[in-house]
file upload.tsv (TSV, C-alpha atoms)
chain	number	residue	atom	x	y	z
D	1	MET	CA	25.30	10.80	41.72
D	2	GLY	CA	28.88	11.61	42.52
D	3	GLY	CA	31.09	10.30	45.24
D	4	ALA	CA	33.37	11.62	47.91
D	5	CYS	CA	36.56	13.15	46.61
D	6	SER	CA	39.73	11.58	47.97
D	7	ARG	CA	42.04	14.18	49.49
D	8	ASP	CA	45.29	12.17	49.37
D	9	VAL	CA	45.92	12.00	45.65
D	10	SER	CA	49.04	14.07	45.13
D	11	ASP	CA	51.40	11.49	46.61
D	12	THR	CA	49.98	8.49	44.75
D	13	THR	CA	52.81	6.79	43.50
D	14	THR	CA	49.86	24.19	10.60
D	15	PRO	CA	49.22	20.50	10.44
D	16	SER	CA	46.18	18.43	11.36
D	17	PHE	CA	47.33	18.25	15.00
D	18	LYS	CA	46.06	14.66	15.27
D	19	ARG	CA	49.40	12.91	15.04
D	20	ALA	CA	52.98	14.06	15.34
D	21	GLN	CA	54.13	15.28	11.94
D	22	LYS	CA	56.07	12.73	9.98
D	23	GLY	CA	59.69	13.78	9.75
D	24	GLY	CA	59.43	15.84	12.93
D	25	ALA	CA	62.33	16.46	15.25
D	26	ASP	CA	61.34	14.07	18.04
D	27	PRO	CA	64.16	11.56	18.57
D	28	THR	CA	61.85	8.78	19.79
D	29	THR	CA	62.11	6.18	17.03
D	30	ALA	CA	62.52	2.43	16.99
D	31	GLN	CA	65.11	0.21	15.38
D	32	ASP	CA	64.07	-2.01	12.49
D	33	VAL	CA	63.89	-5.28	14.37
D	34	LYS	CA	60.80	-7.43	14.60
D	35	PRO	CA	59.92	-8.28	18.23
D	36	VAL	CA	58.14	-5.36	19.87
D	37	PRO	CA	60.17	-5.24	23.15
D	38	GLU	CA	63.49	-5.07	21.33
D	39	GLU	CA	62.17	-2.38	19.00
D	40	GLY	CA	61.14	-0.26	21.94
D	41	ALA	CA	64.41	-0.72	23.77
D	42	SER	CA	66.21	1.96	21.78
D	43	SER	CA	63.93	4.76	22.92
D	44	GLY	CA	62.66	3.66	26.29
D	45	GLY	CA	65.77	2.61	28.19
D	46	GLU	CA	66.31	-0.50	30.30
D	47	ALA	CA	63.39	0.15	32.66
D	48	SER	CA	60.97	0.62	29.79
D	49	ASN	CA	62.27	-2.52	28.10
D	50	ARG	CA	61.79	-4.53	31.30
D	51	SER	CA	58.21	-3.25	31.64
D	52	MET	CA	57.42	-4.26	28.08
D	53	LYS	CA	58.89	-7.72	28.54
D	54	GLN	CA	56.89	-8.23	31.73
D	55	LYS	CA	53.61	-7.28	30.05
D	56	LYS	CA	54.18	-8.95	26.69
D	57	SER	CA	52.32	-12.26	26.60
D	58	LYS	CA	53.94	-15.21	24.86
D	59	ARG	CA	50.55	-16.66	23.96
D	60	LYS	CA	47.99	-15.75	21.31
D	61	VAL	CA	45.33	-13.30	22.43
D	62	ARG	CA	42.46	-15.67	21.63
D	63	GLU	CA	44.04	-18.38	23.74
D	64	VAL	CA	43.66	-16.14	26.79
D	65	TYR	CA	40.64	-13.97	25.97
D	66	LYS	CA	37.32	-14.30	24.23
D	67	LEU	CA	37.04	-11.23	22.00
D	68	GLY	CA	33.45	-10.12	21.65
D	69	LYS	CA	31.57	-7.11	20.41
D	70	THR	CA	33.23	-4.10	18.88
D	71	LEU	CA	33.07	-1.17	21.29
D	72	GLY	CA	34.55	1.48	19.06
D	73	THR	CA	36.57	2.16	15.94
D	74	GLY	CA	39.00	4.89	15.07
D	75	GLY	CA	41.37	5.86	12.31
D	76	PHE	CA	44.11	3.66	13.70
D	77	SER	CA	42.49	0.89	15.69
D	78	VAL	CA	39.49	-1.16	16.73
D	79	VAL	CA	38.43	-1.67	20.36
D	80	LYS	CA	36.63	-4.85	21.35
D	81	MET	CA	35.24	-6.37	24.51
D	82	ALA	CA	37.60	-8.98	25.95
D	83	VAL	CA	36.63	-11.61	28.53
D	84	HIS	CA	39.35	-13.63	30.24
D	85	ARG	CA	38.66	-17.29	29.54
D	86	GLN	CA	39.64	-18.47	33.04
D	87	THR	CA	38.45	-15.66	35.32
D	88	ASN	CA	35.57	-14.22	33.21
D	89	GLU	CA	36.87	-10.74	34.02
D	90	GLN	CA	36.03	-8.11	31.41
D	91	TYR	CA	38.58	-5.86	29.73
D	92	ALA	CA	38.88	-3.64	26.67
D	93	CYS	CA	41.09	-4.88	23.84
D	94	LYS	CA	42.58	-2.28	21.51
D	95	VAL	CA	43.63	-3.85	18.19
D	96	MET	CA	46.16	-1.95	16.10
D	97	ALA	CA	47.75	-2.88	12.79
D	98	LEU	CA	51.55	-2.95	12.92
D	99	PRO	CA	52.99	-1.52	9.70
D	100	PRO	CA	56.34	-2.96	8.54
D	101	PRO	CA	59.42	-1.17	9.93
D	102	GLY	CA	60.22	1.91	7.86
D	103	ALA	CA	56.97	1.74	5.89
D	104	GLU	CA	56.00	5.00	4.16
D	105	LEU	CA	52.54	6.07	5.34
D	106	ASP	CA	50.40	9.13	4.85
D	107	ASP	CA	50.41	11.84	7.53
D	108	SER	CA	47.19	10.57	9.13
D	109	SER	CA	48.49	7.03	9.74
D	110	ASN	CA	50.15	5.51	12.76
D	111	THR	CA	53.70	4.38	12.11
D	112	ARG	CA	55.12	1.27	13.74
D	113	GLU	CA	57.18	3.59	15.92
D	114	ASP	CA	54.05	5.48	17.07
D	115	ILE	CA	52.45	2.25	18.23
D	116	ILE	CA	55.56	0.96	19.98
D	117	LYS	CA	55.98	4.30	21.72
D	118	GLU	CA	52.40	4.16	23.05
D	119	ILE	CA	52.95	0.60	24.33
D	120	GLN	CA	56.22	1.58	25.99
D	121	ILE	CA	54.56	4.38	27.92
D	122	LEU	CA	51.46	2.41	28.91
D	123	CYS	CA	53.62	-0.45	30.19
D	124	LYS	CA	55.21	1.93	32.71
D	125	MET	CA	51.95	3.42	33.98
D	126	GLU	CA	50.54	2.39	37.34
D	127	HIS	CA	48.45	5.13	38.90
D	128	PRO	CA	44.79	5.21	40.03
D	129	ASN	CA	44.02	8.06	37.64
D	130	VAL	CA	45.76	6.67	34.55
D	131	ILE	CA	44.27	3.92	32.38
D	132	PHE	CA	45.94	0.60	33.19
D	133	LEU	CA	47.46	-1.75	30.61
D	134	LYS	CA	47.24	-5.34	31.85
D	135	GLU	CA	49.20	-6.97	29.03
D	136	PHE	CA	49.71	-6.95	25.29
D	137	PHE	CA	50.05	-9.47	22.49
D	138	ASP	CA	52.33	-9.04	19.48
D	139	GLU	CA	51.03	-11.19	16.64
D	140	GLY	CA	53.22	-10.03	13.78
D	141	ASN	CA	51.09	-7.62	11.79
D	142	LYS	CA	48.81	-6.68	14.69
D	143	VAL	CA	49.17	-5.82	18.34
D	144	TYR	CA	46.46	-6.29	20.99
D	145	LEU	CA	46.46	-4.07	24.09
D	146	ILE	CA	44.42	-5.38	27.03
D	147	THR	CA	43.36	-2.49	29.25
D	148	GLU	CA	40.92	-2.05	32.09
D	149	LEU	CA	37.33	-1.60	30.96
D	150	LEU	CA	35.93	1.82	31.85
D	151	THR	CA	32.16	1.96	31.58
D	152	GLY	CA	31.46	5.52	32.70
D	153	GLY	CA	32.06	7.22	29.36
D	154	GLU	CA	33.65	10.60	28.80
D	155	LEU	CA	33.70	13.08	31.67
D	156	LEU	CA	32.03	15.78	29.59
D	157	ASP	CA	29.09	13.54	28.69
D	158	ALA	CA	28.66	12.60	32.35
D	159	LEU	CA	28.64	16.26	33.40
D	160	LEU	CA	25.93	17.02	30.86
D	161	ALA	CA	23.85	14.07	32.06
D	162	LYS	CA	24.32	14.80	35.76
D	163	GLY	CA	21.34	16.21	37.62
D	164	SER	CA	23.41	18.87	39.36
D	165	TYR	CA	26.98	20.10	39.07
D	166	THR	CA	28.98	22.16	41.56
D	167	GLU	CA	32.34	23.86	41.82
D	168	GLU	CA	33.34	21.16	44.29
D	169	ASP	CA	32.64	18.52	41.62
D	170	ALA	CA	34.96	20.39	39.26
D	171	ARG	CA	37.61	20.68	41.97
D	172	CYS	CA	37.54	16.95	42.69
D	173	CYS	CA	37.86	16.09	39.00
D	174	PHE	CA	40.70	18.52	38.50
D	175	GLU	CA	42.56	17.33	41.57
D	176	LYS	CA	42.58	13.80	40.12
D	177	LEU	CA	43.84	15.11	36.79
D	178	LEU	CA	46.65	17.01	38.49
D	179	ALA	CA	47.61	13.87	40.42
D	180	ALA	CA	47.87	11.97	37.12
D	181	LEU	CA	49.96	14.72	35.54
D	182	SER	CA	52.24	14.91	38.56
D	183	TYR	CA	52.83	11.17	38.24
D	184	LEU	CA	53.53	11.39	34.49
D	185	HIS	CA	55.85	14.36	34.75
D	186	LYS	CA	57.90	12.78	37.53
D	187	GLN	CA	58.41	9.87	35.13
D	188	GLU	CA	59.50	12.37	32.44
D	189	ILE	CA	56.41	11.65	30.33
D	190	ALA	CA	54.48	14.36	28.50
D	191	HIS	CA	50.94	13.47	27.46
D	192	ARG	CA	50.73	16.17	24.75
D	193	ASP	CA	47.04	15.66	23.97
D	194	LEU	CA	45.31	16.49	27.22
D	195	LYS	CA	41.62	17.35	26.72
D	196	LEU	CA	38.20	16.55	28.16
D	197	GLU	CA	37.66	13.75	25.63
D	198	ASN	CA	40.64	11.90	27.12
D	199	LEU	CA	39.24	11.96	30.65
D	200	LEU	CA	37.17	8.81	31.15
D	201	LEU	CA	35.11	7.61	34.10
D	202	VAL	CA	35.45	4.26	35.83
D	203	ASP	CA	31.66	4.22	36.14
D	204	SER	CA	28.86	6.70	35.57
D	205	GLU	CA	27.90	6.94	39.25
D	206	ASP	CA	30.95	8.95	40.32
D	207	ILE	CA	32.01	11.80	38.05
D	208	THR	CA	35.14	12.42	40.13
D	209	ASN	CA	36.62	8.96	39.55
D	210	ILE	CA	38.47	9.82	36.35
D	211	LYS	CA	41.22	8.14	34.35
D	212	LEU	CA	43.55	9.83	31.89
D	213	ALA	CA	43.59	7.90	28.61
D	214	ASP	CA	44.88	8.01	25.02
D	215	PHE	CA	48.67	8.07	25.08
D	216	GLY	CA	49.04	8.03	21.30
D	217	LEU	CA	50.87	11.37	21.31
D	218	ALA	CA	52.67	10.94	24.63
D	219	LYS	CA	56.44	11.04	24.78
D	220	GLY	CA	58.70	9.50	27.37
D	221	SER	CA	62.24	10.31	28.52
D	222	VAL	CA	61.42	14.01	28.22
D	223	GLN	CA	64.17	16.33	29.34
D	224	GLN	CA	63.41	20.01	29.90
D	225	GLN	CA	62.61	21.79	26.60
D	226	SER	CA	63.46	18.70	24.54
D	227	MET	CA	60.47	18.33	22.17
D	228	LYS	CA	59.79	20.06	18.85
D	229	THR	CA	57.11	18.00	17.12
D	230	VAL	CA	53.90	19.86	16.29
D	231	CYS	CA	51.05	17.86	17.79
D	232	GLY	CA	48.02	18.15	20.02
D	233	THR	CA	44.45	19.41	19.70
D	234	PRO	CA	43.89	22.99	18.47
D	235	GLN	CA	41.73	24.37	21.31
D	236	TYR	CA	44.08	22.93	23.94
D	237	VAL	CA	47.50	23.34	22.31
D	238	ALA	CA	50.10	25.49	24.06
D	239	PRO	CA	51.42	28.61	22.29
D	240	GLU	CA	55.04	27.42	22.18
D	241	ILE	CA	53.99	24.54	19.91
D	242	ILE	CA	52.39	26.70	17.20
D	243	ASN	CA	54.87	29.43	16.39
D	244	GLU	CA	54.70	30.69	12.80
D	245	ASP	CA	58.41	29.94	12.36
D	246	GLY	CA	57.96	26.40	13.62
D	247	PRO	CA	57.63	25.09	17.17
D	248	GLU	CA	60.03	26.17	19.85
D	249	SER	CA	61.66	23.48	21.92
D	250	TYR	CA	59.10	22.70	24.58
D	251	GLY	CA	58.68	20.51	27.62
D	252	ILE	CA	56.08	19.05	29.95
D	253	GLU	CA	54.76	22.56	30.58
D	254	VAL	CA	52.52	22.12	27.52
D	255	ASP	CA	50.39	19.72	29.58
D	256	MET	CA	49.84	22.39	32.22
D	257	TRP	CA	48.54	24.87	29.63
D	258	SER	CA	46.11	22.20	28.43
D	259	ALA	CA	45.12	21.49	32.04
D	260	GLY	CA	44.24	25.16	32.41
D	261	ILE	CA	42.01	24.94	29.33
D	262	VAL	CA	40.31	21.86	30.81
D	263	LEU	CA	39.64	23.69	34.08
D	264	PHE	CA	38.29	26.74	32.26
D	265	ILE	CA	35.79	24.52	30.40
D	266	LEU	CA	34.87	22.57	33.55
D	267	LEU	CA	33.93	25.80	35.31
D	268	GLY	CA	32.76	28.04	32.48
D	269	GLY	CA	31.23	25.51	30.13
D	270	TYR	CA	33.04	26.88	27.06
D	271	PRO	CA	36.68	27.14	25.87
D	272	PRO	CA	38.71	30.32	26.47
D	273	PHE	CA	39.97	30.32	22.87
D	274	TYR	CA	37.60	29.49	20.05
D	275	ASP	CA	37.42	30.43	16.39
D	276	GLU	CA	36.32	28.42	13.38
D	277	SER	CA	39.33	29.85	11.57
D	278	GLU	CA	42.40	27.90	12.69
D	279	PRO	CA	44.85	30.78	11.94
D	280	ARG	CA	42.77	33.19	14.04
D	281	LEU	CA	42.46	30.58	16.79
D	282	PHE	CA	46.24	30.09	16.89
D	283	ALA	CA	46.83	33.85	16.89
D	284	ALA	CA	44.56	34.18	19.94
D	285	ILE	CA	46.34	31.32	21.70
D	286	GLN	CA	49.74	32.90	21.07
D	287	LYS	CA	48.55	36.18	22.57
D	288	GLY	CA	47.10	34.26	25.51
D	289	LYS	CA	44.49	36.89	26.34
D	290	PHE	CA	41.23	35.63	27.82
D	291	GLY	CA	38.72	36.83	30.37
D	292	PHE	CA	35.85	35.87	32.64
D	293	GLU	CA	33.23	38.19	31.11
D	294	ASP	CA	30.46	35.61	30.80
D	295	GLU	CA	27.96	35.92	33.65
D	296	VAL	CA	28.58	32.29	34.56
D	297	TRP	CA	31.84	33.38	36.19
D	298	ASP	CA	29.90	35.41	38.74
D	299	GLU	CA	29.14	32.07	40.43
D	300	ILE	CA	32.78	30.92	40.41
D	301	SER	CA	35.21	31.61	43.25
D	302	ASP	CA	38.12	34.03	42.85
D	303	LEU	CA	40.52	31.24	43.84
D	304	ALA	CA	39.41	29.15	40.86
D	305	LYS	CA	39.99	32.09	38.51
D	306	ASP	CA	43.40	32.66	40.09
D	307	LEU	CA	44.43	29.07	39.39
D	308	ILE	CA	43.29	29.33	35.76
D	309	ARG	CA	45.32	32.54	35.32
D	310	LYS	CA	48.40	30.76	36.65
D	311	LEU	CA	48.01	27.84	34.23
D	312	ILE	CA	47.00	29.58	31.00
D	313	VAL	CA	50.22	31.60	30.85
D	314	VAL	CA	52.04	32.18	27.56
D	315	ASP	CA	55.50	31.94	29.15
D	316	PRO	CA	55.91	28.24	30.05
D	317	LYS	CA	58.45	29.11	32.75
D	318	LYS	CA	55.76	31.05	34.61
D	319	ARG	CA	53.13	28.30	34.50
D	320	LEU	CA	52.45	26.30	37.62
D	321	THR	CA	53.78	22.76	37.65
D	322	ALA	CA	51.43	19.90	38.49
D	323	ASP	CA	52.78	19.74	42.05
D	324	GLU	CA	52.45	23.50	42.50
D	325	ALA	CA	48.88	23.37	41.23
D	326	LEU	CA	48.10	20.57	43.67
D	327	ARG	CA	49.18	22.92	46.47
D	328	HIS	CA	47.03	25.81	45.23
D	329	PRO	CA	44.40	26.79	47.83
D	330	TRP	CA	41.52	26.18	45.41
D	331	VAL	CA	42.64	22.56	45.01
D	332	THR	CA	43.43	21.94	48.68
D	333	GLY	CA	40.24	23.53	50.00
D	334	LYS	CA	36.63	22.44	49.83
D	335	GLN	CA	34.61	24.51	47.38
D	336	ALA	CA	31.00	25.61	47.21
D	337	GLN	CA	28.29	22.99	46.67
D	338	LYS	CA	26.07	25.52	44.91
D	339	GLU	CA	24.78	24.18	41.61
D	340	LEU	CA	26.46	25.80	38.61
D	341	LYS	CA	23.38	26.13	36.44
D	342	GLY	CA	25.00	28.61	34.08
D	343	THR	CA	27.97	26.32	33.50
D	344	ARG	CA	25.75	23.41	32.55
D	345	GLN	CA	23.72	25.64	30.24
D	346	ASN	CA	26.91	26.78	28.53
D	347	MET	CA	28.02	23.18	28.14
D	348	GLU	CA	24.69	22.36	26.56
D	349	SER	CA	24.44	25.30	24.20
D	350	ARG	CA	28.04	26.09	23.35
D	351	ILE	CA	29.86	22.79	23.69
D	352	ARG	CA	27.20	20.48	22.35
D	353	GLN	CA	26.11	22.71	19.49
D	354	ASN	CA	29.29	24.57	18.62
D	355	PHE	CA	32.44	23.47	20.38
D	356	ARG	CA	31.50	19.80	20.27
D	357	ALA	CA	29.52	19.46	17.04
D	358	LYS	CA	31.54	21.77	14.79
D	359	VAL	CA	35.00	21.60	16.27
D	360	LYS	CA	35.10	18.05	17.53
D	361	SER	CA	34.88	16.67	14.00
D	362	VAL	CA	38.17	18.46	13.29
D	363	MET	CA	39.98	18.20	16.57
D	364	ALA	CA	38.96	14.64	17.36
D	365	ALA	CA	38.74	13.05	13.93
D	366	ASN	CA	39.51	9.36	14.15
D	367	ARG	CA	39.23	9.37	17.95
D	368	MET	CA	37.10	6.66	19.48
D	369	LYS	CA	34.17	7.12	21.82
D	370	ILE	CA	34.88	3.69	23.20
D	371	MET	CA	33.46	3.94	26.67
D	372	GLY	CA	30.31	5.70	25.57
D	373	ALA	CA	29.57	2.70	23.40
D	374	VAL	CA	30.16	0.39	26.33
D	375	ALA	CA	27.89	2.32	28.66
D	376	ALA	CA	25.12	2.59	26.08
D	377	GLY	CA	25.38	-1.06	25.15
D	378	LYS	CA	26.06	-0.33	21.50
D	379	SER	CA	27.59	-3.36	19.90
D	380	GLY	CA	28.21	-5.51	16.94
D	381	LYS	CA	28.23	-9.23	17.47
D	382	ASP	CA	28.19	-10.55	21.02
D	383	GLU	CA	29.97	-13.75	20.11
D	384	ASP	CA	33.71	-14.08	19.62
D	385	GLU	CA	34.44	-12.39	16.31
D	386	ASP	CA	37.20	-14.12	14.40
D	387	GLU	CA	40.29	-12.52	12.93
D	388	GLU	CA	38.71	-12.16	9.50
D	389	ASP	CA	35.99	-9.90	10.97
D	390	GLU	CA	38.65	-7.99	12.85
D	391	ASP	CA	40.83	-7.55	9.76
D	392	GLU	CA	37.82	-6.39	7.77
D	393	LEU	CA	37.11	-3.67	10.35
D	394	LEU	CA	40.69	-2.45	10.06
D	395	ARG	CA	40.55	-2.55	6.25
D	396	LYS	CA	37.34	-0.47	6.25
D	397	GLN	CA	39.34	2.23	7.99
D	398	GLY	CA	41.96	2.14	5.25
D	399	ILE	CA	44.47	0.29	7.40
D	400	ARG	CA	46.58	-2.12	5.40
D	401	LEU	CA	47.88	-5.13	7.25
D	402	ALA	CA	51.44	-6.18	6.60
D	403	LYS	CA	52.08	-9.74	5.53
D	404	VAL	CA	53.38	-11.90	8.32
D	405	GLU	CA	56.58	-13.74	7.46
D	406	GLU	CA	56.37	-17.44	8.04

call {"tool": "encode", "arguments": {"input": "upload.tsv", "output": "C-alpha cells"}}
result
Amino acid sequence: MGGACSRDVSDTTTPSFKRAQKGGADPTTAQDVKPVPEEGASSGGEASNRSMKQKKSKRKVREVYKLGKTLGTGGFSVVKMAVHRQTNEQYACKVMALPPPGAELDDSSNTREDIIKEIQILCKMEHPNVIFLKEFFDEGNKVYLITELLTGGELLDALLAKGSYTEEDARCCFEKLLAALSYLHKQEIAHRDLKLENLLLVDSEDITNIKLADFGLAKGSVQQQSMKTVCGTPQYVAPEIINEDGPESYGIEVDMWSAGIVLFILLGGYPPFYDESEPRLFAAIQKGKFGFEDEVWDEISDLAKDLIRKLIVVDPKKRLTADEALRHPWVTGKQAQKELKGTRQNMESRIRQNFRAKVKSVMAANRMKIMGAVAAGKSGKDEDEDEEDEDELLRKQGIRLAKVEE
C-alpha cells in the first residue's frame, strides 16, 4: 500500500460552526437574478463569471448522464453516481436544492448565495490536489455538480486501515495539502473548513494521493484580513475567528492554523486541543498552548515538531504561509520509514472512540461520507433513479424545493 510521493508539487499550477452565520459581515452575496452565472457575477468578477459560463451545461443533466445509486446524503445535498451516457465514464453528482433568491432560511440551511459561491470557486479550481468540477447543470430549483469520482474514502479511514504508517507517509500527504493551499491562496481563496474529513483519496491503494474537497465555506476574492464571518470546525478553527467580542478581521492565515492541526493529528494521532466543553475548547485555542508530552512524539523528528510550532501560532502574522511551509526542511527532506505504531494506536483509541465518535457528530453534522460509501459499495438503487426519488431524498432532509416558474 502507498505510492511514491511526488517531489514537484509546490509549483503545480458561539455558533454551530457548520455554516457561515446568517447576517455575517462577509460581502460575498449574489444579486436576485435567476440564471446561476449572472447571479455569481457580482461576487466573483469577470474571470469567475467566464469559468461558470464555460462549465454550465445548457442541457438537462439526465440527457447527458445516467444518475444511479445514492452515494451519500447530507444536510444540504444528495450525492449520486453519474455515468456519462456516451463515454460510460463515472463521476459523482452532487444535487443541491436552490432556494429562491432572498428566501429566509434557518441557520443550518444553505442559502442560494452559499450554493452559488461554492460553484463559483469550484469552477476556477484546476489542481491535482483539489477536487475537480467537470460541469454543472442549473435546473431551476436544483443544481447538479458533476465532479470526479474519488473511491479511496477519507484519508483518516485509510490511515487506520493501512498495515503500516510512517512519518514519510505523513510528510507526503502534508506536502500535497500544502500544494493545494498554495494554489488556493495564490488565487485569493480561503478554504475555511480544512480538516482531515475533507481530505479524500483518489483510490485506496495510495494514501498520499489526496484531494482537498468540500468548498461549502470557502471564500474567493479574499484580500488580506478581509473576512469576519464565524465559521469552520471547532477543533480546527483559528483563534482569531472565535474572539469573545466577535471575530477579528482575518485572512487566509486561518487555513494555515488548520493545516497545523491536521499535521499534529497525522503525526500524533490525536488533536492538540480537545474538550467536550466548547467554551473550554475555545479558551484553549485562544491561548494556543500545546505540547508533545505523549510518548508517541518520542518517535517523531524534531523537524516535524518545529513545523507544527510554526503553524499553530496564535498571531496569524507569525504563521508560516503555504509556500514557506513547502520550503521547510521537514517537507523538502525524506523522513524516516519507521512504522509509527503509537500514532496508529492513538488514532484507534482516541480518534475513533473519542475525537471521532463524540466530537464528529457535532463538528461534522450534516457532512457526507460520500467516498466511503463508494468504496464500500453501499448503495440504494443501481438503476437510474428519477427526479421524484431524488426530490424525496431532499425532502427527507428537510430541504424544501422552490417552485419552478414556467

call {"tool": "closest_atom_pairs", "arguments": {"input": "upload.tsv", "of": "stretch 111-205 of chain D", "to": "stretch 300-324 of chain D", "cutoff": "7 Å", "atoms": "only C-alpha atoms", "output": "CSV"}}
result
residue,atom,partner,partner_atom,distance
D:Leu178,CA,D:Ala322,CA,5.6
D:Leu181,CA,D:Ala322,CA,6.1
D:Ser182,CA,D:Ala322,CA,5.1

call {"tool": "residues_around", "arguments": {"input": "upload.tsv", "residues": "stretch 62-64 of chain D", "least_positions_apart": "4", "cutoff": "8 Å", "atoms": "only C-alpha atoms", "output": "VMD selection string"}}
result
chain D and resid 84 to 86

call {"tool": "residues_near_point", "arguments": {"input": "upload.tsv", "point": "(36.5, -4.8, 24.1)", "cutoff": "7 Å", "atoms": "all atoms listed in the file", "output": "short mmCIF file (atom, residue, chain, number, x, y, z; two decimals) with C-alpha atoms, in the frame of the given file"}}
result
data_model
loop_
_atom_site.label_atom_id
_atom_site.label_comp_id
_atom_site.auth_asym_id
_atom_site.auth_seq_id
_atom_site.Cartn_x
_atom_site.Cartn_y
_atom_site.Cartn_z
CA LEU D 67 37.04 -11.23 22.00
CA GLY D 68 33.45 -10.12 21.65
CA LYS D 69 31.57 -7.11 20.41
CA THR D 70 33.23 -4.10 18.88
CA LEU D 71 33.07 -1.17 21.29
CA VAL D 79 38.43 -1.67 20.36
CA LYS D 80 36.63 -4.85 21.35
CA MET D 81 35.24 -6.37 24.51
CA ALA D 82 37.60 -8.98 25.95
CA TYR D 91 38.58 -5.86 29.73
CA ALA D 92 38.88 -3.64 26.67
CA CYS D 93 41.09 -4.88 23.84
#

call {"tool": "atom_distance", "arguments": {"input": "upload.tsv", "atom1": "atom CA of D:Phe137", "atom2": "atom CA of D:Leu217"}}
result
20.9 Å

call {"tool": "atom_distance", "arguments": {"input": "upload.tsv", "atom1": "atom CA of D:Ser77", "atom2": "atom CA of D:Ile189"}}
result
22.9 Å

call {"tool": "closest_residue", "arguments": {"input": "upload.tsv", "among": "D:Phe174, D:Tyr183, D:Tyr65, D:Trp330", "to": "D:Glu135", "atoms": "only C-alpha atoms"}}
result
D:Tyr65

call {"tool": "axis_aligned_box", "arguments": {"input": "upload.tsv", "around": "stretch 309-327 of chain D", "padding_each_side": "6 Å", "output": "AutoDock Vina command-line options"}}
result
--center_x 51.9 --center_y 26.1 --center_z 37.0 --size_x 25.1 --size_y 24.8 --size_z 30.9

call {"tool": "atom_distance", "arguments": {"input": "upload.tsv", "atom1": "atom CA of D:Asp114", "atom2": "atom CA of D:Glu154"}}
result
24.1 Å

call {"tool": "closest_residue", "arguments": {"input": "upload.tsv", "among": "D:Glu113, D:Val262, D:Ile242, D:Ala325", "to": "D:Lys287", "atoms": "only C-alpha atoms"}}
result
D:Ile242

call {"tool": "residues_around", "arguments": {"input": "upload.tsv", "residues": "D:Leu159", "least_positions_apart": "4", "cutoff": "12 Å", "atoms": "only C-alpha atoms", "output": "PyMOL selection string"}}
result
chain D and resi 1-2+152-155+163-167+169-170+173+196+199-201+204-208+265-267+269+340-341+343-348+351-352

call {"tool": "closest_residue", "arguments": {"input": "upload.tsv", "among": "D:Phe132, D:Glu175, D:Phe273, D:Val237", "to": "D:His328", "atoms": "only C-alpha atoms"}}
result
D:Glu175

call {"tool": "closest_residue", "arguments": {"input": "upload.tsv", "among": "D:Ala283, D:Cys172, D:Leu212, D:Ala190", "to": "D:Val331", "atoms": "all atoms listed in the file"}}
result
D:Cys172

call {"tool": "residues_near_point", "arguments": {"input": "upload.tsv", "point": "(37.2, 30.6, 16.8)", "cutoff": "12 Å", "atoms": "only C-alpha atoms", "output": "VMD selection string"}}
result
chain D and resid 234 to 235 270 to 285 354 to 355 358 to 359

call {"tool": "closest_residue", "arguments": {"input": "upload.tsv", "among": "D:Asn129, D:Gln90, D:Thr233, D:Ser51", "to": "D:Thr147", "atoms": "only C-alpha atoms"}}
result
D:Gln90

call {"tool": "closest_residue", "arguments": {"input": "upload.tsv", "among": "D:Gly72, D:Asn88, D:Asp298, D:Lys211", "to": "D:Leu150", "atoms": "all atoms listed in the file"}}
result
D:Lys211
